[in-house]
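**Student:** Got run_29.txt for you, compact mmCIF, C-alpha atoms and all ligand atoms:
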```txt
# COMPACT_ATOMS: atom_id res chain seq x y z
CA MET A 1 -21.28 66.38 17.48
CA GLY A 2 -19.93 66.06 21.01
CA ARG A 3 -20.95 68.43 23.76
CA ILE A 4 -19.13 70.13 26.61
CA TYR A 5 -19.88 69.46 30.28
CA LEU A 6 -18.42 71.13 33.34
CA LEU A 7 -16.94 68.93 36.05
CA ASP A 8 -15.99 71.12 38.97
CA VAL A 9 -13.18 69.99 41.28
CA THR A 10 -13.22 72.84 43.82
CA ASN A 11 -14.20 70.41 46.58
CA ARG A 12 -11.26 68.14 45.73
CA ASP A 13 -8.35 69.93 44.03
CA GLY A 14 -9.38 73.28 45.54
CA VAL A 15 -9.47 72.11 49.14
CA GLN A 16 -6.32 69.98 48.94
CA THR A 17 -4.33 73.10 48.04
CA ALA A 18 -1.73 74.49 50.44
CA ARG A 19 -3.13 77.22 52.72
CA LEU A 20 -6.68 76.69 51.43
CA GLY A 21 -9.57 74.76 52.89
CA LEU A 22 -13.32 74.73 53.39
CA SER A 23 -15.58 73.65 56.22
CA LYS A 24 -17.88 70.75 55.40
CA LEU A 25 -20.81 73.18 55.38
CA ALA A 26 -18.96 75.42 52.92
CA LYS A 27 -18.26 72.40 50.66
CA THR A 28 -21.98 71.65 50.76
CA MET A 29 -22.86 75.22 49.83
CA ILE A 30 -20.44 75.02 46.89
CA ASN A 31 -22.24 71.86 45.69
CA ILE A 32 -25.59 73.64 45.98
CA TYR A 33 -24.38 76.67 43.99
CA LEU A 34 -22.70 74.46 41.37
CA ASN A 35 -26.00 72.62 40.94
CA GLU A 36 -27.84 75.92 40.59
CA MET A 37 -25.33 77.01 37.97
CA GLY A 38 -25.93 73.91 35.82
CA VAL A 39 -22.56 72.25 36.40
CA PHE A 40 -22.83 68.60 35.39
CA GLN A 41 -20.71 67.04 38.10
CA SER A 42 -19.01 68.00 41.33
CA GLU A 43 -15.97 66.07 42.45
CA PHE A 44 -17.26 66.49 45.96
CA GLY A 45 -14.51 64.97 48.04
CA PHE A 46 -12.33 62.11 49.19
CA PRO A 47 -14.28 58.94 50.04
CA THR A 48 -11.26 57.28 51.67
CA THR A 49 -10.61 60.21 54.04
CA ARG A 50 -12.36 59.63 57.34
CA HIS A 51 -13.19 63.22 58.21
CA GLU A 52 -15.07 63.45 54.90
CA SER A 53 -17.37 60.46 55.52
CA HIS A 54 -20.27 62.23 57.23
CA TYR A 55 -20.13 65.15 54.82
CA LEU A 56 -20.12 62.82 51.79
CA ARG A 57 -22.97 60.69 53.11
CA ALA A 58 -25.04 63.76 54.01
CA ASN A 59 -24.53 65.26 50.55
CA LEU A 60 -25.58 61.97 48.94
CA LYS A 61 -28.76 62.24 51.05
CA LEU A 62 -29.30 65.75 49.70
CA ALA A 63 -29.06 64.22 46.22
CA GLU A 64 -31.65 61.58 47.14
CA MET A 65 -33.91 64.31 48.54
CA GLY A 66 -33.71 66.17 45.23
CA VAL A 67 -31.83 69.13 46.73
CA LEU A 68 -28.61 68.27 44.90
CA GLN A 69 -30.20 67.34 41.58
CA PRO A 70 -29.44 66.96 38.72
CA ILE A 71 -25.74 67.47 39.59
CA ARG A 72 -23.68 64.28 39.89
CA LEU A 73 -21.58 63.87 43.02
CA GLU A 74 -18.38 61.96 42.36
CA GLY A 75 -15.57 60.97 44.68
CA TRP A 76 -11.86 60.95 43.88
CA LEU A 77 -9.51 58.21 45.02
CA ARG A 78 -6.37 56.40 44.06
CA ALA A 79 -6.81 53.61 41.51
CA THR A 80 -6.17 50.72 43.88
CA VAL A 81 -8.47 47.93 45.02
CA ASP A 82 -7.73 48.87 48.65
CA ASP A 83 -8.91 52.45 48.14
CA VAL A 84 -12.07 51.31 46.36
CA GLU A 85 -12.82 48.89 49.22
CA THR A 86 -12.24 51.63 51.80
CA ALA A 87 -14.43 54.07 49.88
CA TYR A 88 -17.37 51.66 49.85
CA ARG A 89 -16.88 50.80 53.51
CA LEU A 90 -16.97 54.47 54.55
CA VAL A 91 -19.44 55.80 51.96
CA PRO A 92 -21.54 52.81 50.81
CA ASN A 93 -23.96 54.85 48.66
CA ILE A 94 -21.37 56.58 46.52
CA LYS A 95 -22.34 56.15 42.85
CA HIS A 96 -19.69 57.95 40.83
CA LEU A 97 -15.94 57.56 41.14
CA ASN A 98 -12.77 58.88 39.59
CA LEU A 99 -9.80 56.53 39.97
CA SER A 100 -6.40 58.19 39.73
CA ILE A 101 -2.94 56.80 39.03
CA SER A 102 0.30 58.28 37.70
CA THR A 103 1.19 57.35 34.13
CA SER A 104 4.32 59.36 33.23
CA ARG A 105 7.77 57.79 33.40
CA GLN A 106 8.83 60.67 35.65
CA MET A 107 6.16 59.82 38.21
CA ILE A 108 6.32 56.04 37.86
CA MET A 109 10.07 56.17 38.52
CA GLY A 110 10.03 59.22 40.81
CA LYS A 111 7.15 58.14 43.04
CA PHE A 112 7.20 54.33 42.92
CA LYS A 113 11.03 54.29 42.88
CA GLY A 114 11.34 51.40 40.46
CA THR A 115 8.89 49.13 42.26
CA LYS A 116 6.24 49.44 39.54
CA SER A 117 6.41 48.87 35.79
CA GLU A 118 4.04 50.32 33.20
CA GLN A 119 2.35 46.92 33.13
CA ASP A 120 1.81 47.15 36.92
CA ILE A 121 0.11 50.52 36.43
CA LEU A 122 -2.25 49.02 33.85
CA THR A 123 -3.01 46.05 36.10
CA MET A 124 -3.61 48.17 39.22
CA ALA A 125 -5.97 50.49 37.38
CA ALA A 126 -7.82 47.60 35.70
CA GLU A 127 -8.35 45.86 39.04
CA ALA A 128 -9.53 49.10 40.64
CA ILE A 129 -12.12 49.59 37.87
CA ASP A 130 -13.31 45.99 38.36
CA ALA A 131 -13.60 46.55 42.12
CA ALA A 132 -15.59 49.76 41.63
CA ARG A 133 -17.94 47.97 39.24
CA SER A 134 -18.38 45.03 41.60
CA HIS A 135 -19.46 47.49 44.32
CA GLY A 136 -22.08 48.91 41.99
CA ALA A 137 -20.45 52.15 40.85
CA GLU A 138 -22.72 53.71 38.23
CA THR A 139 -19.96 55.63 36.50
CA VAL A 140 -16.20 55.22 36.72
CA GLY A 141 -13.68 57.66 35.35
CA ILE A 142 -10.08 56.61 34.93
CA ASN A 143 -7.55 59.33 35.65
CA ALA A 144 -4.05 59.54 34.13
CA GLU A 145 -2.04 61.75 36.46
CA ASP A 146 0.69 63.65 34.59
CA ALA A 147 -0.82 62.56 31.25
CA SER A 148 0.82 65.50 29.47
CA ARG A 149 4.30 64.15 30.33
CA THR A 150 3.35 60.56 29.51
CA ASP A 151 4.53 58.84 26.30
CA THR A 152 1.63 58.95 23.87
CA ASP A 153 1.86 55.20 23.18
CA PHE A 154 1.53 54.31 26.86
CA LEU A 155 -1.17 56.92 27.40
CA LEU A 156 -3.19 55.30 24.61
CA ARG A 157 -2.62 51.83 26.06
CA PHE A 158 -3.75 53.08 29.47
CA ALA A 159 -6.88 54.78 28.11
CA LEU A 160 -7.77 51.76 25.94
CA MET A 161 -7.37 49.50 28.98
CA GLY A 162 -9.87 51.81 30.72
CA ARG A 163 -12.36 51.49 27.90
CA GLU A 164 -11.99 47.70 27.74
CA ARG A 165 -12.64 47.44 31.50
CA GLY A 166 -15.75 49.54 31.13
CA ALA A 167 -14.59 52.97 32.31
CA ASP A 168 -17.07 55.64 31.27
CA ARG A 169 -14.54 58.42 30.87
CA PHE A 170 -10.83 59.06 30.59
CA ARG A 171 -9.32 62.03 32.44
CA TYR A 172 -6.36 63.67 30.75
CA CYS A 173 -4.46 65.45 33.51
CA ASP A 174 -2.07 68.22 32.65
CA THR A 175 -0.99 67.94 36.26
CA LEU A 176 1.88 70.43 36.05
CA GLY A 177 0.37 72.82 33.51
CA TYR A 178 2.97 71.69 30.95
CA ASP A 179 0.75 71.69 27.84
CA ASN A 180 -0.04 74.58 25.55
CA PRO A 181 -3.25 74.97 23.54
CA PHE A 182 -1.72 73.39 20.43
CA THR A 183 -0.26 70.32 22.13
CA ILE A 184 -3.35 69.62 24.23
CA TYR A 185 -5.64 70.03 21.24
CA ASN A 186 -3.67 67.44 19.28
CA THR A 187 -3.33 64.93 22.12
CA CYS A 188 -6.97 65.17 23.18
CA LYS A 189 -8.19 64.82 19.59
CA LEU A 190 -6.04 61.73 19.15
CA LEU A 191 -7.34 60.24 22.42
CA ALA A 192 -10.96 60.90 21.45
CA GLU A 193 -10.45 59.30 18.04
CA GLU A 194 -8.45 56.30 19.20
CA VAL A 195 -10.09 55.52 22.54
CA GLY A 196 -13.68 56.27 21.61
CA ILE A 197 -15.02 57.29 25.04
CA PRO A 198 -15.69 60.77 26.48
CA ILE A 199 -12.54 62.57 27.64
CA GLU A 200 -11.98 64.98 30.53
CA THR A 201 -9.43 67.77 30.60
CA HIS A 202 -7.78 68.65 33.91
CA CYS A 203 -5.52 71.66 33.50
CA HIS A 204 -3.32 73.69 35.82
CA GLY A 205 -2.03 77.23 35.54
CA ASP A 206 1.72 76.89 36.16
CA LEU A 207 2.38 78.56 32.81
CA GLY A 208 -0.73 80.73 32.86
CA MET A 209 -2.63 78.62 30.34
CA ALA A 210 -5.15 76.59 32.37
CA VAL A 211 -8.25 78.15 30.80
CA GLY A 212 -6.81 78.29 27.27
CA ASN A 213 -5.61 74.71 27.51
CA SER A 214 -8.98 73.50 28.84
CA VAL A 215 -10.81 75.15 25.96
CA ALA A 216 -8.33 73.89 23.35
CA GLY A 217 -8.43 70.38 24.83
CA ALA A 218 -12.22 70.36 24.72
CA MET A 219 -12.11 71.50 21.07
CA GLY A 220 -9.78 68.61 20.28
CA ILE A 221 -12.04 66.12 22.04
CA ILE A 222 -15.13 67.33 20.17
CA ASP A 223 -13.29 67.43 16.85
CA GLY A 224 -12.25 63.86 17.66
CA GLY A 225 -15.90 62.87 17.96
CA GLN A 226 -16.46 62.65 21.73
CA ASP A 227 -18.07 64.59 24.57
CA ALA A 228 -15.65 66.77 26.56
CA TYR A 229 -15.75 67.20 30.34
CA ILE A 230 -13.76 70.22 31.48
CA ASN A 231 -12.44 70.15 35.05
CA THR A 232 -12.76 73.58 36.62
CA THR A 233 -12.64 75.25 40.03
CA VAL A 234 -14.42 78.31 41.36
CA ASN A 235 -12.07 81.31 41.13
CA GLY A 236 -9.40 78.97 39.72
CA VAL A 237 -8.28 77.80 43.17
CA GLY A 238 -6.17 74.65 43.10
CA GLU A 239 -2.73 73.17 43.56
CA ARG A 240 0.13 75.72 43.14
CA ALA A 241 -0.91 78.27 40.47
CA GLY A 242 -4.42 76.81 40.42
CA ASN A 243 -6.85 75.09 38.07
CA ALA A 244 -8.95 76.35 35.18
CA ASP A 245 -11.30 79.06 36.48
CA MET A 246 -14.88 77.92 35.96
CA VAL A 247 -16.37 81.29 35.04
CA ALA A 248 -13.51 82.11 32.65
CA VAL A 249 -14.00 78.73 30.91
CA VAL A 250 -17.71 79.46 30.42
CA LEU A 251 -16.99 82.98 29.18
CA ALA A 252 -14.34 81.73 26.76
CA LEU A 253 -16.62 79.08 25.30
CA ARG A 254 -19.53 81.49 24.97
CA LYS A 255 -17.79 84.71 23.97
CA SER A 256 -14.49 83.93 22.24
CA LYS A 257 -14.28 84.40 18.50
CA GLU A 258 -16.34 81.74 16.69
CA LEU A 259 -16.17 79.17 19.50
CA ALA A 260 -19.84 79.09 20.48
CA LYS A 261 -20.98 78.24 16.95
CA LYS A 262 -19.33 74.84 17.05
CA TYR A 263 -18.58 73.97 20.68
CA LYS A 264 -21.71 73.83 22.77
CA PHE A 265 -22.57 72.93 26.34
CA GLY A 266 -24.53 69.74 26.94
CA THR A 267 -26.38 71.24 29.91
CA PRO A 268 -27.67 74.81 30.19
CA ILE A 269 -25.18 76.89 32.19
CA LYS A 270 -26.68 79.68 34.28
CA LEU A 271 -23.88 82.21 34.12
CA SER A 272 -26.03 84.54 36.24
CA VAL A 273 -25.04 82.47 39.32
CA ALA A 274 -21.36 83.36 38.73
CA TRP A 275 -21.27 86.44 40.96
CA LYS A 276 -22.88 84.61 43.87
CA ILE A 277 -20.72 81.48 43.76
CA CYS A 278 -17.46 83.38 43.18
CA LYS A 279 -18.13 85.79 46.03
CA TYR A 280 -19.12 82.96 48.34
CA ALA A 281 -16.02 80.88 47.48
CA SER A 282 -13.83 83.92 48.02
CA TYR A 283 -15.32 84.43 51.50
CA ALA A 284 -15.29 80.75 52.41
CA PHE A 285 -11.66 80.21 51.30
CA GLY A 286 -10.61 83.58 52.71
CA VAL A 287 -9.01 84.52 49.39
CA PRO A 288 -9.94 87.84 47.73
CA ILE A 289 -11.00 87.79 44.08
CA PRO A 290 -8.18 89.41 42.08
CA ILE A 291 -9.14 92.86 40.80
CA ASN A 292 -8.61 91.74 37.20
CA GLN A 293 -10.35 88.35 37.36
CA PRO A 294 -12.47 87.71 34.22
CA GLY A 295 -16.14 88.47 34.72
CA VAL A 296 -16.18 88.85 38.49
CA GLY A 297 -13.11 90.98 39.29
CA ALA A 298 -13.70 94.51 40.60
CA ASN A 299 -12.24 95.93 37.38
CA ALA A 300 -13.98 93.58 34.93
CA PHE A 301 -16.44 96.37 34.04
CA ALA A 302 -14.61 99.41 35.38
CA HIS A 303 -13.40 102.21 33.10
CA ALA A 304 -11.35 105.27 34.01
CA SER A 305 -9.30 106.47 31.07
CA GLY A 306 -10.88 109.19 28.98
CA ILE A 307 -11.06 107.34 25.70
CA HIS A 308 -12.44 104.14 27.26
CA ALA A 309 -14.97 105.91 29.51
CA ASP A 310 -16.24 108.01 26.62
CA GLY A 311 -16.46 104.93 24.39
CA VAL A 312 -18.25 102.71 26.88
CA LEU A 313 -20.74 105.45 27.78
CA LYS A 314 -21.61 105.86 24.10
CA ASP A 315 -21.97 102.11 23.61
CA PRO A 316 -20.80 99.52 26.19
CA GLN A 317 -19.85 97.14 23.38
CA ASN A 318 -17.07 99.51 22.41
CA TYR A 319 -15.05 98.26 25.38
CA GLU A 320 -16.96 95.31 26.88
CA LEU A 321 -17.32 91.88 25.29
CA TYR A 322 -20.27 90.96 27.49
CA ASP A 323 -22.64 92.59 29.94
CA TYR A 324 -22.17 92.51 33.71
CA LYS A 325 -25.80 91.46 34.15
CA GLU A 326 -25.03 88.15 32.44
CA LEU A 327 -22.84 87.25 35.43
CA GLY A 328 -25.46 88.20 38.00
CA ARG A 329 -23.76 91.51 38.76
CA GLY A 330 -25.37 94.89 39.12
CA GLU A 331 -27.87 94.22 41.90
CA PRO A 332 -27.34 96.53 44.89
CA GLU A 333 -25.82 94.72 47.88
CA GLN A 334 -26.48 95.71 51.47
CA VAL A 335 -23.44 96.06 53.65
CA GLU A 336 -23.90 96.77 57.34
CA THR A 337 -21.93 99.84 58.32
CA GLY A 338 -23.28 100.31 61.82
CA ARG A 339 -24.16 97.94 64.64
CA GLU A 340 -24.05 94.32 63.62
CA ILE A 341 -24.98 91.05 65.31
CA CYS A 342 -22.91 88.17 63.87
CA SER A 343 -23.28 84.43 64.27
CA GLY A 344 -20.55 82.88 66.38
CA GLU A 345 -19.58 79.70 68.18
CA TYR A 346 -20.45 81.28 71.56
CA GLY A 347 -23.63 82.99 70.35
CA GLY A 348 -26.88 83.03 72.31
CA THR A 349 -30.59 82.98 71.70
CA ALA A 350 -31.31 86.71 71.50
CA GLY A 351 -28.62 87.45 68.93
CA PHE A 352 -29.51 84.38 66.93
CA ARG A 353 -33.21 85.25 66.82
CA HIS A 354 -32.27 88.77 65.71
CA ILE A 355 -30.10 87.44 62.85
CA MET A 356 -32.68 84.90 61.69
CA GLY A 357 -35.54 87.41 62.02
CA LYS A 358 -33.70 89.82 59.70
CA MET A 359 -33.64 86.99 57.12
CA GLU A 360 -37.35 86.40 57.76
CA VAL A 361 -36.70 82.92 59.10
CA SER A 362 -38.99 82.03 62.00
CA PHE A 363 -39.17 78.95 64.23
CA LYS A 364 -42.24 77.08 65.32
CA ASP A 365 -41.18 77.00 68.97
CA ARG A 366 -38.32 77.65 71.35
CA ASP A 367 -37.00 74.08 71.04
CA GLU A 368 -36.61 74.36 67.31
CA ALA A 369 -34.84 77.72 67.64
CA GLU A 370 -32.50 76.29 70.28
CA ARG A 371 -31.65 73.31 68.12
CA VAL A 372 -30.84 75.38 65.06
CA LEU A 373 -28.82 77.79 67.20
CA GLU A 374 -26.80 74.88 68.57
CA LEU A 375 -26.08 73.67 65.02
CA ALA A 376 -25.10 77.20 63.98
CA ARG A 377 -22.62 77.30 66.89
CA TYR A 378 -21.02 74.11 65.62
CA ALA A 379 -20.94 75.47 62.06
CA ASN A 380 -19.10 78.48 63.44
CA VAL A 381 -16.62 76.25 65.27
CA LEU A 382 -15.79 74.64 61.92
CA ALA A 383 -15.82 77.81 59.79
CA GLN A 384 -14.13 80.17 62.29
CA LYS A 385 -15.92 83.13 60.73
CA PRO A 386 -19.49 84.46 60.75
CA LEU A 387 -21.88 82.36 58.70
CA VAL A 388 -23.49 83.90 55.63
CA GLU A 389 -27.23 84.10 55.12
CA ASP A 390 -27.46 81.07 52.80
CA GLU A 391 -25.54 78.93 55.30
CA LEU A 392 -27.86 79.87 58.16
CA LYS A 393 -30.91 79.29 55.99
CA PHE A 394 -29.54 75.88 54.99
CA ILE A 395 -29.05 74.88 58.63
CA ALA A 396 -32.57 76.04 59.53
CA LYS A 397 -34.11 74.19 56.58
CA TYR A 398 -32.15 70.92 56.83
CA PRO A 399 -31.09 70.61 60.49
CA ASP A 400 -30.66 66.82 60.37
CA ILE A 401 -28.45 66.97 57.28
CA ALA A 402 -26.49 69.89 58.75
CA LYS A 403 -25.88 67.89 61.91
CA GLU A 404 -24.67 64.89 59.94
CA LEU A 405 -22.32 66.73 57.61
CA MET A 406 -20.74 68.68 60.48
CA THR A 407 -20.09 65.58 62.53
CA ILE A 408 -16.34 65.07 62.85
CA ALA A 409 -15.33 62.15 65.01
CA PRO A 410 -11.57 61.51 65.09
CA LEU A 411 -10.37 57.89 65.32
CA GLU A 412 -13.87 56.64 64.73
ZN ZN B 501 -5.12 68.89 39.76
```
Could you quickly redo this structure as structure tokens?

**Tutor:**
Amino acid sequence: MGRIYLLDVTNRDGVQTARLGLSKLAKTMINIYLNEMGVFQSEFGFPTTRHESHYLRANLKLAEMGVLQPIRLEGWLRATVDDVETAYRLVPNIKHLNLSISTSRQMIMGKFKGTKSEQDILTMAAEAIDAARSHGAETVGINAEDASRTDTDFLLRFALMGRERGADRFRYCDTLGYDNPFTIYNTCKLLAEEVGIPIETHCHGDLGMAVGNSVAGAMGIIDGGQDAYINTTVNGVGERAGNADMVAVVLALRKSKELAKKYKFGTPIKLSVAWKICKYASYAFGVPIPINQPGVGANAFAHASGIHADGVLKDPQNYELYDYKELGRGEPEQVETGREICSGEYGGTAGFRHIMGKMEVSFKDRDEAERVLELARYANVLAQKPLVEDELKFIAKYPDIAKELMTIAPLE
């Protein structure tokens, strides 16, 4: 029986979204929290994009140091030999790749304007897989952009080409959120049966079905005899109406009627990290969590109406499917309501020592304190908002890594 794995794309789809973005330190914190949560893989960035290079290399070092373990860090790029070459030139130690190319007639005609045939698409992708392998990629996923609007025959040919060239996984992208749970179940089951390698779902919320489609797709993949890798993002951020919300996907698979009996995670998921990662992502992106967001919204466990309040006080299970403690909620949180010293890009030693002292972080000498303060200033330049406790602690603990990942050198 196949298993379900989470493959989070916050640091790729999430940050490429209009009006949204993360500092390199914030991307690193997301990787750390995803790892803590038990997420199998983080699509941690763009290895062909120059301003990502230092961040990607530094995060690969964190993996080597055991900080980002066991999570897999995988880079996303276009399925061309040129992009694979560039990726290995800029980030030589990258081990896991996802190679993306459009497969639908709409996109082949609409984007390539008649310069590419379906055969060209197959050839480009095949050559990109070969190039990734020749550079020593440990795993290669092959990504069919707009798979849900692609003719099934060609989609199968494309996925089978991937398997023959040694791709480890096939990513089924419902790029425009066009599928519904019934169509994606059927297509993903067919792909699993016919292609015979693990399948990923990548779903968007244009029609409000990203989570439902991800779950139904994963059911199809497992019923078709393969492992399923669900692409998610924290708080559902992503292109246009967003991607499948990670916490909602976990809740659906664990709590929805009869699902958990048959469809199980391949790695233990620590749902108790949900509150922390969702709150952090909300702060880092500058996007409030909607009041009605599953699990972590302000109203997810709030009751006002007489009948509901009475019922939930008698027995929470009358009106709650799951307990707030499961999501890491319920602990009191301290909020400063009086005088506050914040980190900032123009901060000085006294304020910095005060902030770090409150977190019980001490320095062995003045030089060390000065160095960490200087790094914190740079982190503030990039974030343009006060750093949170975990960010400051990270900088103090791994100053060399922090320096590397924050290094942005235009026209290098
Ligand atoms: Zn997407």

**Student:** Please, which residues have at least one atom within 10 Å of an atom of ligand ZN 501 (chain B), using only C-alpha atoms and all ligand atoms, listed as a VMD selection string?

**Tutor:** chain A and resid 9 to 10 12 to 14 16 to 17 145 to 146 173 to 177 202 to 205 231 to 233 238 to 240 242 to 244

**Student:** For atom CA of A:Val249 and atom CA of A:Tyr185, determine how far apart the two atoms are, in Å to one decimal place.

**Tutor:**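 If I compute the distance from atom CA of A:Val249 to atom CA of A:Tyr185, I get 15.5 Å.
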
**Student:** Write out as a VMD selection string the residues lying within 9 Å of A:Ala128, counting all atoms listed in the file and excluding same-chain residues fewer than 5 positions away.

**Tutor:** chain A and resid 78 to 84 99 123 133

**Student:** Which residue is closest to A:Ala218? Choose from A:Trp275, A:Phe352, A:Tyr263, A:Phe158 and count all atoms listed in the file.

**Tutor:**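 Among the listed residues, A:Tyr263 lies closest to A:Ala218.
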
**Student:** From the set A:Lys276, A:Pro181, A:Met107, A:Ala125, which residue has the shortest atom-to-atom contact distance to A:Arg149, counting only C-alpha atoms?

**Tutor:**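 Looking at the shortest contact to A:Arg149, the residue is A:Met107.
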
**Student:** In Å, with one decimal, what is the gap from atom CA of A:Val296 to atom CA of A:Gln41?

**Tutor:**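 Between these atoms lies a distance of 22.3 Å.
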
**Student:** Can you sort out stretch 385-392 of chain A so it carries all heavy atoms, written as a PDB file, keeping the file's coordinate frame?

**Tutor:**
```pdb
ATOM      1  N   LYS A 385     -15.558  81.796  61.222  1.00  0.00           N
ATOM      2  CA  LYS A 385     -15.920  83.130  60.730  1.00  0.00           C
ATOM      3  C   LYS A 385     -17.438  83.188  60.703  1.00  0.00           C
ATOM      4  O   LYS A 385     -18.092  82.134  60.674  1.00  0.00           O
ATOM      5  CB  LYS A 385     -15.319  83.400  59.351  1.00  0.00           C
ATOM      6  CG  LYS A 385     -15.867  82.503  58.261  1.00  0.00           C
ATOM      7  CD  LYS A 385     -15.193  82.783  56.935  1.00  0.00           C
ATOM      8  CE  LYS A 385     -14.029  81.833  56.716  1.00  0.00           C
ATOM      9  NZ  LYS A 385     -13.342  81.990  55.455  1.00  0.00           N
ATOM     10  N   PRO A 386     -18.032  84.396  60.744  1.00  0.00           N
ATOM     11  CA  PRO A 386     -19.490  84.460  60.750  1.00  0.00           C
ATOM     12  C   PRO A 386     -20.094  83.737  59.551  1.00  0.00           C
ATOM     13  O   PRO A 386     -19.556  83.788  58.440  1.00  0.00           O
ATOM     14  CB  PRO A 386     -19.779  85.965  60.687  1.00  0.00           C
ATOM     15  CG  PRO A 386     -18.561  86.620  61.236  1.00  0.00           C
ATOM     16  CD  PRO A 386     -17.418  85.741  60.815  1.00  0.00           C
ATOM     17  N   LEU A 387     -21.206  83.060  59.786  1.00  0.00           N
ATOM     18  CA  LEU A 387     -21.880  82.360  58.700  1.00  0.00           C
ATOM     19  C   LEU A 387     -22.613  83.359  57.810  1.00  0.00           C
ATOM     20  O   LEU A 387     -23.049  84.405  58.282  1.00  0.00           O
ATOM     21  CB  LEU A 387     -22.893  81.350  59.268  1.00  0.00           C
ATOM     22  CG  LEU A 387     -22.323  80.305  60.227  1.00  0.00           C
ATOM     23  CD1 LEU A 387     -23.428  79.368  60.699  1.00  0.00           C
ATOM     24  CD2 LEU A 387     -21.193  79.500  59.593  1.00  0.00           C
ATOM     25  N   VAL A 388     -22.735  83.028  56.537  1.00  0.00           N
ATOM     26  CA  VAL A 388     -23.490  83.900  55.630  1.00  0.00           C
ATOM     27  C   VAL A 388     -24.956  83.457  55.644  1.00  0.00           C
ATOM     28  O   VAL A 388     -25.301  82.380  56.129  1.00  0.00           O
ATOM     29  CB  VAL A 388     -22.916  83.877  54.190  1.00  0.00           C
ATOM     30  CG1 VAL A 388     -21.455  84.268  54.193  1.00  0.00           C
ATOM     31  CG2 VAL A 388     -23.100  82.508  53.536  1.00  0.00           C
ATOM     32  N   GLU A 389     -25.788  84.317  55.084  1.00  0.00           N
ATOM     33  CA  GLU A 389     -27.230  84.100  55.120  1.00  0.00           C
ATOM     34  C   GLU A 389     -27.623  82.724  54.561  1.00  0.00           C
ATOM     35  O   GLU A 389     -28.415  82.000  55.181  1.00  0.00           O
ATOM     36  CB  GLU A 389     -27.899  85.225  54.308  1.00  0.00           C
ATOM     37  CG  GLU A 389     -29.375  85.293  54.487  1.00  0.00           C
ATOM     38  CD  GLU A 389     -29.980  86.556  53.864  1.00  0.00           C
ATOM     39  OE1 GLU A 389     -29.353  87.636  53.957  1.00  0.00           O
ATOM     40  OE2 GLU A 389     -31.078  86.452  53.304  1.00  0.00           O
ATOM     41  N   ASP A 390     -27.070  82.352  53.410  1.00  0.00           N
ATOM     42  CA  ASP A 390     -27.460  81.070  52.800  1.00  0.00           C
ATOM     43  C   ASP A 390     -27.056  79.886  53.687  1.00  0.00           C
ATOM     44  O   ASP A 390     -27.739  78.863  53.706  1.00  0.00           O
ATOM     45  CB  ASP A 390     -26.817  80.908  51.413  1.00  0.00           C
ATOM     46  CG  ASP A 390     -27.581  81.701  50.351  1.00  0.00           C
ATOM     47  OD1 ASP A 390     -28.652  82.258  50.673  1.00  0.00           O
ATOM     48  OD2 ASP A 390     -27.105  81.757  49.196  1.00  0.00           O
ATOM     49  N   GLU A 391     -25.945  80.021  54.400  1.00  0.00           N
ATOM     50  CA  GLU A 391     -25.540  78.930  55.300  1.00  0.00           C
ATOM     51  C   GLU A 391     -26.523  78.789  56.456  1.00  0.00           C
ATOM     52  O   GLU A 391     -26.929  77.675  56.808  1.00  0.00           O
ATOM     53  CB  GLU A 391     -24.120  79.201  55.837  1.00  0.00           C
ATOM     54  CG  GLU A 391     -23.030  79.064  54.779  1.00  0.00           C
ATOM     55  CD  GLU A 391     -21.664  79.511  55.262  1.00  0.00           C
ATOM     56  OE1 GLU A 391     -21.575  80.521  55.993  1.00  0.00           O
ATOM     57  OE2 GLU A 391     -20.671  78.862  54.896  1.00  0.00           O
ATOM     58  N   LEU A 392     -26.901  79.921  57.039  1.00  0.00           N
ATOM     59  CA  LEU A 392     -27.860  79.870  58.160  1.00  0.00           C
ATOM     60  C   LEU A 392     -29.215  79.348  57.695  1.00  0.00           C
ATOM     61  O   LEU A 392     -29.857  78.544  58.386  1.00  0.00           O
ATOM     62  CB  LEU A 392     -28.008  81.275  58.770  1.00  0.00           C
ATOM     63  CG  LEU A 392     -26.808  81.723  59.604  1.00  0.00           C
ATOM     64  CD1 LEU A 392     -26.810  83.226  59.813  1.00  0.00           C
ATOM     65  CD2 LEU A 392     -26.783  80.995  60.951  1.00  0.00           C
TER      66      LEU A 392
END
```
